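Below is the file final.pdb, which contains PDB, C-alpha atoms and all ligand atoms.
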ATOM      1  CA  MET F   1      54.078  32.751   1.444
ATOM      2  CA  ARG F   2      57.046  34.798   2.568
ATOM      3  CA  LYS F   3      56.687  37.541   5.133
ATOM      4  CA  GLY F   4      57.031  40.324   2.548
ATOM      5  CA  GLU F   5      54.293  38.776   0.392
ATOM      6  CA  LYS F   6      51.963  38.483   3.383
ATOM      7  CA  ILE F   7      52.371  42.146   4.157
ATOM      8  CA  ILE F   8      51.504  43.036   0.547
ATOM      9  CA  VAL F   9      48.373  40.830   0.612
ATOM     10  CA  VAL F  10      47.226  42.358   3.907
ATOM     11  CA  ALA F  11      47.829  45.866   2.561
ATOM     12  CA  MET F  12      45.828  45.081  -0.593
ATOM     13  CA  LEU F  13      42.897  43.686   1.363
ATOM     14  CA  ALA F  14      42.946  46.744   3.615
ATOM     15  CA  SER F  15      42.802  49.138   0.660
ATOM     16  CA  VAL F  16      39.952  47.218  -0.987
ATOM     17  CA  GLY F  17      38.080  47.434   2.315
ATOM     18  CA  LEU F  18      38.821  51.131   2.630
ATOM     19  CA  LEU F  19      37.619  51.872  -0.922
ATOM     20  CA  ALA F  20      34.391  49.948  -0.333
ATOM     21  CA  TRP F  21      33.823  51.867   2.885
ATOM     22  CA  MET F  22      34.449  55.219   1.164
ATOM     23  CA  LYS F  23      32.065  54.311  -1.666
ATOM     24  CA  GLU F  24      29.377  53.320   0.817
ATOM     25  CA  LYS F  25      29.899  56.527   2.785
ATOM     26  CA  LYS F  26      29.772  58.679  -0.377
ATOM     27  CA  SER F  27      26.508  57.108  -1.553
ATOM     28  CA  SER F  28      24.878  57.724   1.820
ATOM     29  CA  ILE F  29      25.947  61.388   1.598
ATOM     30  CA  ASP F  30      24.419  61.644  -1.913
ATOM     31  CA  ASP F  31      21.178  60.164  -0.623
ATOM     32  CA  ASP F  32      20.979  62.750   2.150
ATOM     33  CA  ASN F  33      21.503  65.490  -0.420
ATOM     34  CA  LEU F  34      18.469  64.398  -2.412
ATOM     35  CA  ASP F  35      16.341  66.578  -0.158
ATOM     36  CA  VAL F  36      18.347  69.680  -1.041
ATOM     37  CA  PRO F  37      17.599  70.770  -4.596
ATOM     38  CA  PHE F  38      20.721  72.936  -5.050
ATOM     39  CA  TYR F  39      24.418  72.203  -5.213
ATOM     40  CA  SER F  40      27.622  73.934  -6.240
ATOM     41  CA  THR F  41      30.565  72.690  -8.282
ATOM     42  CA  ALA F  42      32.674  75.804  -7.532
ATOM     43  CA  THR F  43      36.072  75.478  -5.832
ATOM     44  CA  LYS F  44      36.416  76.590  -2.235
ATOM     45  CA  GLU F  45      38.638  79.499  -3.235
ATOM     46  CA  VAL F  46      36.089  80.813  -5.770
ATOM     47  CA  THR F  47      33.256  80.288  -3.278
ATOM     48  CA  ASP F  48      34.991  82.202  -0.486
ATOM     49  CA  ARG F  49      35.752  85.179  -2.728
ATOM     50  CA  ALA F  50      32.253  85.234  -4.181
ATOM     51  CA  ALA F  51      30.725  85.039  -0.705
ATOM     52  CA  LYS F  52      32.631  88.173   0.280
ATOM     53  CA  THR F  53      31.594  90.080  -2.855
ATOM     54  CA  MET F  54      27.970  89.024  -2.430
ATOM     55  CA  HIS F  55      27.986  90.022   1.198
ATOM     56  CA  ASP F  56      29.476  93.457   0.388
ATOM     57  CA  ILE F  57      26.904  94.138  -2.364
ATOM     58  CA  GLY F  58      24.022  92.557  -0.482
ATOM     59  CA  CYS F  59      22.685  90.337  -3.281
ATOM     60  CA  ARG F  60      20.339  88.726  -0.734
ATOM     61  CA  LYS F  61      18.480  91.989  -0.288
ATOM     62  CA  CYS F  62      16.863  91.048  -3.590
ATOM     63  CA  HIS F  63      17.781  87.437  -4.423
ATOM     64  CA  SER F  64      17.558  84.219  -2.509
ATOM     65  CA  LEU F  65      20.681  82.053  -2.415
ATOM     66  CA  TRP F  66      20.845  78.594  -0.846
ATOM     67  CA  GLY F  67      17.158  79.148  -0.239
ATOM     68  CA  VAL F  68      17.876  82.121   2.047
ATOM     69  CA  ARG F  69      17.114  85.778   1.507
ATOM     70  CA  ASP F  70      16.835  88.953   3.517
ATOM     71  CA  LEU F  71      13.363  88.641   5.009
ATOM     72  CA  SER F  72      12.882  92.384   5.442
ATOM     73  CA  GLN F  73      13.058  92.917   1.667
ATOM     74  CA  ALA F  74      10.468  91.981  -0.899
ATOM     75  CA  VAL F  75      12.095  92.550  -4.295
ATOM     76  CA  PRO F  76      10.774  89.909  -6.715
ATOM     77  CA  ALA F  77      14.169  89.039  -8.226
ATOM     78  CA  PRO F  78      14.802  85.489  -9.503
ATOM     79  CA  ALA F  79      16.610  83.078  -7.161
ATOM     80  CA  LEU F  80      20.355  82.731  -7.712
ATOM     81  CA  ASP F  81      20.266  79.026  -6.827
ATOM     82  CA  GLY F  82      20.948  76.906  -9.894
ATOM     83  CA  MET F  83      21.914  79.970 -11.986
ATOM     84  CA  GLY F  84      24.475  77.865 -13.887
ATOM     85  CA  MET F  85      21.592  75.842 -15.395
ATOM     86  CA  PHE F  86      20.214  78.997 -17.050
ATOM     87  CA  ARG F  87      23.240  81.195 -17.822
ATOM     88  CA  ASP F  88      26.798  80.408 -18.837
ATOM     89  CA  GLU F  89      29.913  82.001 -17.373
ATOM     90  CA  GLU F  90      30.541  84.343 -20.315
ATOM     91  CA  TRP F  91      26.978  85.678 -20.213
ATOM     92  CA  LEU F  92      27.259  86.259 -16.473
ATOM     93  CA  TYR F  93      30.590  88.054 -16.812
ATOM     94  CA  THR F  94      29.165  90.339 -19.526
ATOM     95  CA  TYR F  95      26.059  91.009 -17.422
ATOM     96  CA  PHE F  96      28.077  91.833 -14.298
ATOM     97  CA  SER F  97      30.359  94.108 -16.358
ATOM     98  CA  ALA F  98      27.555  96.102 -17.999
ATOM     99  CA  GLU F  99      27.084  99.739 -17.039
ATOM    100  CA  ASN F 100      23.404  99.149 -17.706
ATOM    101  CA  PRO F 101      22.426  95.500 -17.051
ATOM    102  CA  GLN F 102      18.887  96.205 -18.298
ATOM    103  CA  GLU F 103      20.243  96.575 -21.835
ATOM    104  CA  ILE F 104      21.126  92.876 -21.614
ATOM    105  CA  LEU F 105      18.165  91.689 -19.537
ATOM    106  CA  PRO F 106      15.226  94.117 -19.507
ATOM    107  CA  SER F 107      13.481  94.743 -16.210
ATOM    108  CA  ARG F 108       9.785  94.915 -15.413
ATOM    109  CA  LEU F 109      10.462  96.554 -12.032
ATOM    110  CA  LYS F 110      10.793 100.019 -10.543
ATOM    111  CA  PRO F 111      14.351 101.392 -10.903
ATOM    112  CA  GLU F 112      15.244 100.854  -7.235
ATOM    113  CA  TYR F 113      14.409  97.140  -7.476
ATOM    114  CA  ARG F 114      16.368  96.466 -10.656
ATOM    115  CA  MET F 115      19.650  94.578 -10.909
ATOM    116  CA  PRO F 116      22.383  97.139 -10.117
ATOM    117  CA  SER F 117      25.501  97.506 -12.272
ATOM    118  CA  LEU F 118      28.497  95.641 -10.852
ATOM    119  CA  ALA F 119      30.877  97.350 -13.305
ATOM    120  CA  SER F 120      32.727  99.106 -10.474
ATOM    121  CA  LEU F 121      33.963  95.777  -9.075
ATOM    122  CA  SER F 122      37.460  94.772 -10.236
ATOM    123  CA  GLU F 123      37.641  92.560 -13.323
ATOM    124  CA  GLU F 124      38.933  89.725 -11.142
ATOM    125  CA  GLU F 125      35.957  89.993  -8.803
ATOM    126  CA  ARG F 126      33.491  90.012 -11.707
ATOM    127  CA  ARG F 127      35.198  86.970 -13.272
ATOM    128  CA  ASN F 128      35.196  85.180  -9.947
ATOM    129  CA  LEU F 129      31.523  85.946  -9.358
ATOM    130  CA  ALA F 130      30.629  84.758 -12.877
ATOM    131  CA  ASN F 131      32.563  81.538 -12.310
ATOM    132  CA  TYR F 132      30.806  80.970  -8.981
ATOM    133  CA  MET F 133      27.321  81.596 -10.425
ATOM    134  CA  ALA F 134      27.992  79.339 -13.438
ATOM    135  CA  ASN F 135      28.780  76.542 -10.976
ATOM    136  CA  LEU F 136      25.463  76.800  -9.114
ATOM    137  CA  LYS F 137      23.401  73.785 -10.152
ATOM    138  CA  LEU F 138      20.053  72.139  -9.430
ATOM    139  CA  HIS F 139      19.143  68.474  -9.238
ATOM    140  CA  ASP F 140      17.082  67.353 -12.249
ATOM    141  CA  TRP F 141      13.974  66.724 -10.160
ATOM    142  CA  PHE F 142      13.853  70.420  -9.217
ATOM    143  CA  PHE F 143      14.732  71.913 -12.597
ATOM    144  CA  GLN F 144      11.210  72.389 -14.005
ATOM    145  CA  GLU F 145       9.904  73.978 -10.807
ATOM    146  CA  ALA F 146      12.875  76.371 -10.689
ATOM    147  CA  LYS F 147      12.480  77.231 -14.359
ATOM    148  CA  GLU F 148       8.837  78.159 -13.872
ATOM    149  CA  ALA F 149       9.528  80.227 -10.748
ATOM    150  CA  ARG F 150      12.311  82.084 -12.546
ATOM    151  CA  TYR F 151      10.078  82.800 -15.536
ATOM    152  CA  GLU F 152       7.379  84.208 -13.275
ATOM    153  CA  LYS F 153       9.884  86.399 -11.417
ATOM    154  CA  LEU F 154      11.434  87.759 -14.608
ATOM    155  CA  THR F 155       8.192  88.415 -16.502
ATOM    156  CA  GLY F 156       5.583  88.841 -13.766
ATOM    157  CA  LYS F 157       3.392  86.415 -15.748
ATOM    158  CA  ASP F 158       2.335  82.810 -15.291
ATOM    159  CA  TYR F 159       4.688  80.331 -16.913
ATOM    160  CA  GLN F 160       3.972  79.537 -20.566
ATOM    161  CA  PRO F 161       5.312  76.133 -21.635
ATOM    162  CA  ASP F 162       6.196  77.363 -25.169
ATOM    163  CA  ASP F 163       8.409  80.272 -23.998
TER     164      ASP F 163
HETATM  165  C1  LIG F 201      18.333  95.897  -5.781
HETATM  166  C2  LIG F 201      18.074  94.483  -5.968
HETATM  167  C3  LIG F 201      19.188  93.602  -6.497
HETATM  168  C4  LIG F 201      20.464  93.440  -5.987
HETATM  169  C5  LIG F 201      21.110  94.109  -4.773
HETATM  170  C6  LIG F 201      21.087  92.427  -6.833
HETATM  171  N1  LIG F 201      20.224  92.029  -7.815
HETATM  172 FE1  LIG F 201      20.599  90.647  -9.274
HETATM  173  N2  LIG F 201      18.809  91.049 -10.141
HETATM  174  C7  LIG F 201      17.818  91.844  -9.567
HETATM  175  C8  LIG F 201      16.638  91.809 -10.425
HETATM  176  C9  LIG F 201      15.324  92.505 -10.136
HETATM  177  C10 LIG F 201      16.964  90.985 -11.538
HETATM  178  C11 LIG F 201      16.065  90.688 -12.761
HETATM  179  C12 LIG F 201      16.405  91.689 -13.857
HETATM  180  C13 LIG F 201      15.996  93.103 -13.478
HETATM  181  O1  LIG F 201      14.805  93.319 -13.145
HETATM  182  O2  LIG F 201      16.873  94.006 -13.510
HETATM  183  C14 LIG F 201      18.327  90.520 -11.304
HETATM  184  C15 LIG F 201      18.995  89.668 -12.151
HETATM  185  C16 LIG F 201      20.163  88.989 -11.823
HETATM  186  C17 LIG F 201      20.747  87.911 -12.575
HETATM  187  C18 LIG F 201      20.174  87.296 -13.867
HETATM  188  C19 LIG F 201      19.033  86.388 -13.436
HETATM  189  C20 LIG F 201      18.495  85.435 -14.452
HETATM  190  O3  LIG F 201      17.617  84.659 -14.035
HETATM  191  O4  LIG F 201      18.894  85.432 -15.601
HETATM  192  C21 LIG F 201      21.872  87.520 -11.908
HETATM  193  C22 LIG F 201      22.814  86.406 -12.308
HETATM  194  C23 LIG F 201      21.986  88.362 -10.741
HETATM  195  N3  LIG F 201      20.940  89.240 -10.721
HETATM  196  C24 LIG F 201      22.989  88.261  -9.802
HETATM  197  C25 LIG F 201      23.161  89.160  -8.737
HETATM  198  C26 LIG F 201      24.300  89.126  -7.849
HETATM  199  C27 LIG F 201      25.427  88.094  -7.900
HETATM  200  C28 LIG F 201      24.142  90.163  -6.973
HETATM  201  C29 LIG F 201      25.067  90.630  -5.885
HETATM  202  C30 LIG F 201      26.476  90.786  -6.274
HETATM  203  C31 LIG F 201      22.888  90.835  -7.309
HETATM  204  N4  LIG F 201      22.324  90.178  -8.374
HETATM  205  C32 LIG F 201      22.378  91.930  -6.639
HETATM  206  C33 LIG F 201      17.912  92.577  -8.420
HETATM  207  C34 LIG F 201      19.057  92.712  -7.647
END
Rewrite the structure of this file - the entire thing - as structure tokens.
Amino acid sequence: MRKGEKIIVVAMLASVGLLAWMKEKKSSIDDDNLDVPFYSTATKEVTDRAAKTMHDIGCRKCHSLWGVRDLSQAVPAPALDGMGMFRDEEWLYTYFSAENPQEILPSRLKPEYRMPSLASLSEEERRNLANYMANLKLHDWFFQEAKEARYEKLTGKDYQPDD
């Protein structure tokens, strides 16, 4: 083997080793995440913008997100975690743009607890928020539990399997 060939062989072995190491590392990260039922497929840019909008509006006064909500409030709104499993981006954009969101999704709650209109946000902010929410996902093993909890929050009734 000439010197140049040796270098190529060594480089190839090193990259195979590196790929194996990265694969191993990735699978251990996935395993750790099995305890956390939620995940997001949104880009960092979309996430950062949405975080600012959500902070300004105070979505956590009523909703939980990443399992966290404002503990001083007790509005029985559905969790936002995994929203992309229940609503698509277009639906979310339309809902956030409505002057009266209850025309799209009726409320069972007192007016002050209901979903407020986000129509005064800029179109870009509403699109960004819809994209972020559509990218909030749940692991399969948590889906049924989340679906039942959401049903109970939205209707105030026990979950009915045929609904
Ligand atoms: C004053 C309480 C309140 C605030 C603040 C609020 N929401 Fe809501 N939201 C609700 C309630 C309650 C519902 C259920 C429908 C209803 O009763 O109006 C709801 C419904 C929703 C839904 C549809 C849920 C589903 O399961 O289909 C989405 C999505 C949503 N809100 C997102 C947001 C986002 C994002 C923010 C912040 C930018 C926000 N909400 C701020 C109370 C609130």
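Among the candidate residues F:Ala51, F:Val75, F:Ile57, F:Ile7, the one lying nearest to F:Lys110 is F:Val75, with distances computed using all atoms listed in the file.
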Please extract the residues at most 8 Å from ligand LIG 201 (chain F), counting only C-alpha atoms and all ligand atoms, and provide them as a PDB file with C-alpha atoms, in the coordinates of the input, using the chain letters and residue numbers of this document.
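Output below, filename out.pdb:
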ATOM      1  CA  THR F  53      31.594  90.080  -2.855  1.00  0.00           C
ATOM      2  CA  MET F  54      27.970  89.024  -2.430  1.00  0.00           C
ATOM      3  CA  HIS F  55      27.986  90.022   1.198  1.00  0.00           C
ATOM      4  CA  ASP F  56      29.476  93.457   0.388  1.00  0.00           C
ATOM      5  CA  ILE F  57      26.904  94.138  -2.364  1.00  0.00           C
ATOM      6  CA  GLY F  58      24.022  92.557  -0.482  1.00  0.00           C
ATOM      7  CA  CYS F  59      22.685  90.337  -3.281  1.00  0.00           C
ATOM      8  CA  ARG F  60      20.339  88.726  -0.734  1.00  0.00           C
ATOM      9  CA  LYS F  61      18.480  91.989  -0.288  1.00  0.00           C
ATOM     10  CA  CYS F  62      16.863  91.048  -3.590  1.00  0.00           C
ATOM     11  CA  HIS F  63      17.781  87.437  -4.423  1.00  0.00           C
ATOM     12  CA  VAL F  75      12.095  92.550  -4.295  1.00  0.00           C
ATOM     13  CA  PRO F  76      10.774  89.909  -6.715  1.00  0.00           C
ATOM     14  CA  ALA F  77      14.169  89.039  -8.226  1.00  0.00           C
ATOM     15  CA  PRO F  78      14.802  85.489  -9.503  1.00  0.00           C
ATOM     16  CA  ALA F  79      16.610  83.078  -7.161  1.00  0.00           C
ATOM     17  CA  LEU F  80      20.355  82.731  -7.712  1.00  0.00           C
ATOM     18  CA  MET F  83      21.914  79.970 -11.986  1.00  0.00           C
ATOM     19  CA  PHE F  86      20.214  78.997 -17.050  1.00  0.00           C
ATOM     20  CA  ARG F  87      23.240  81.195 -17.822  1.00  0.00           C
ATOM     21  CA  LEU F  92      27.259  86.259 -16.473  1.00  0.00           C
ATOM     22  CA  TYR F  95      26.059  91.009 -17.422  1.00  0.00           C
ATOM     23  CA  PHE F  96      28.077  91.833 -14.298  1.00  0.00           C
ATOM     24  CA  PRO F 101      22.426  95.500 -17.051  1.00  0.00           C
ATOM     25  CA  GLN F 102      18.887  96.205 -18.298  1.00  0.00           C
ATOM     26  CA  LEU F 105      18.165  91.689 -19.537  1.00  0.00           C
ATOM     27  CA  PRO F 106      15.226  94.117 -19.507  1.00  0.00           C
ATOM     28  CA  SER F 107      13.481  94.743 -16.210  1.00  0.00           C
ATOM     29  CA  ARG F 108       9.785  94.915 -15.413  1.00  0.00           C
ATOM     30  CA  LEU F 109      10.462  96.554 -12.032  1.00  0.00           C
ATOM     31  CA  GLU F 112      15.244 100.854  -7.235  1.00  0.00           C
ATOM     32  CA  TYR F 113      14.409  97.140  -7.476  1.00  0.00           C
ATOM     33  CA  ARG F 114      16.368  96.466 -10.656  1.00  0.00           C
ATOM     34  CA  MET F 115      19.650  94.578 -10.909  1.00  0.00           C
ATOM     35  CA  PRO F 116      22.383  97.139 -10.117  1.00  0.00           C
ATOM     36  CA  LEU F 118      28.497  95.641 -10.852  1.00  0.00           C
ATOM     37  CA  LEU F 129      31.523  85.946  -9.358  1.00  0.00           C
ATOM     38  CA  ALA F 130      30.629  84.758 -12.877  1.00  0.00           C
ATOM     39  CA  MET F 133      27.321  81.596 -10.425  1.00  0.00           C
ATOM     40  CA  ARG F 150      12.311  82.084 -12.546  1.00  0.00           C
ATOM     41  CA  TYR F 151      10.078  82.800 -15.536  1.00  0.00           C
ATOM     42  CA  LYS F 153       9.884  86.399 -11.417  1.00  0.00           C
ATOM     43  CA  LEU F 154      11.434  87.759 -14.608  1.00  0.00           C
TER      44      LEU F 154
END
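Of note, atom CA of F:Asp140 and atom CA of F:Thr41 are spaced 15.0 Å apart.
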query: What is the distance between atom CA of F:Thr155 and atom CA of F:Asn128, in Å to one decimal?
result: 28.0 Å
task: Quote the spacing between atom CA of F:Asp70 and atom CA of F:Glu90 in Å to one decimal place.
output: 27.9 Å
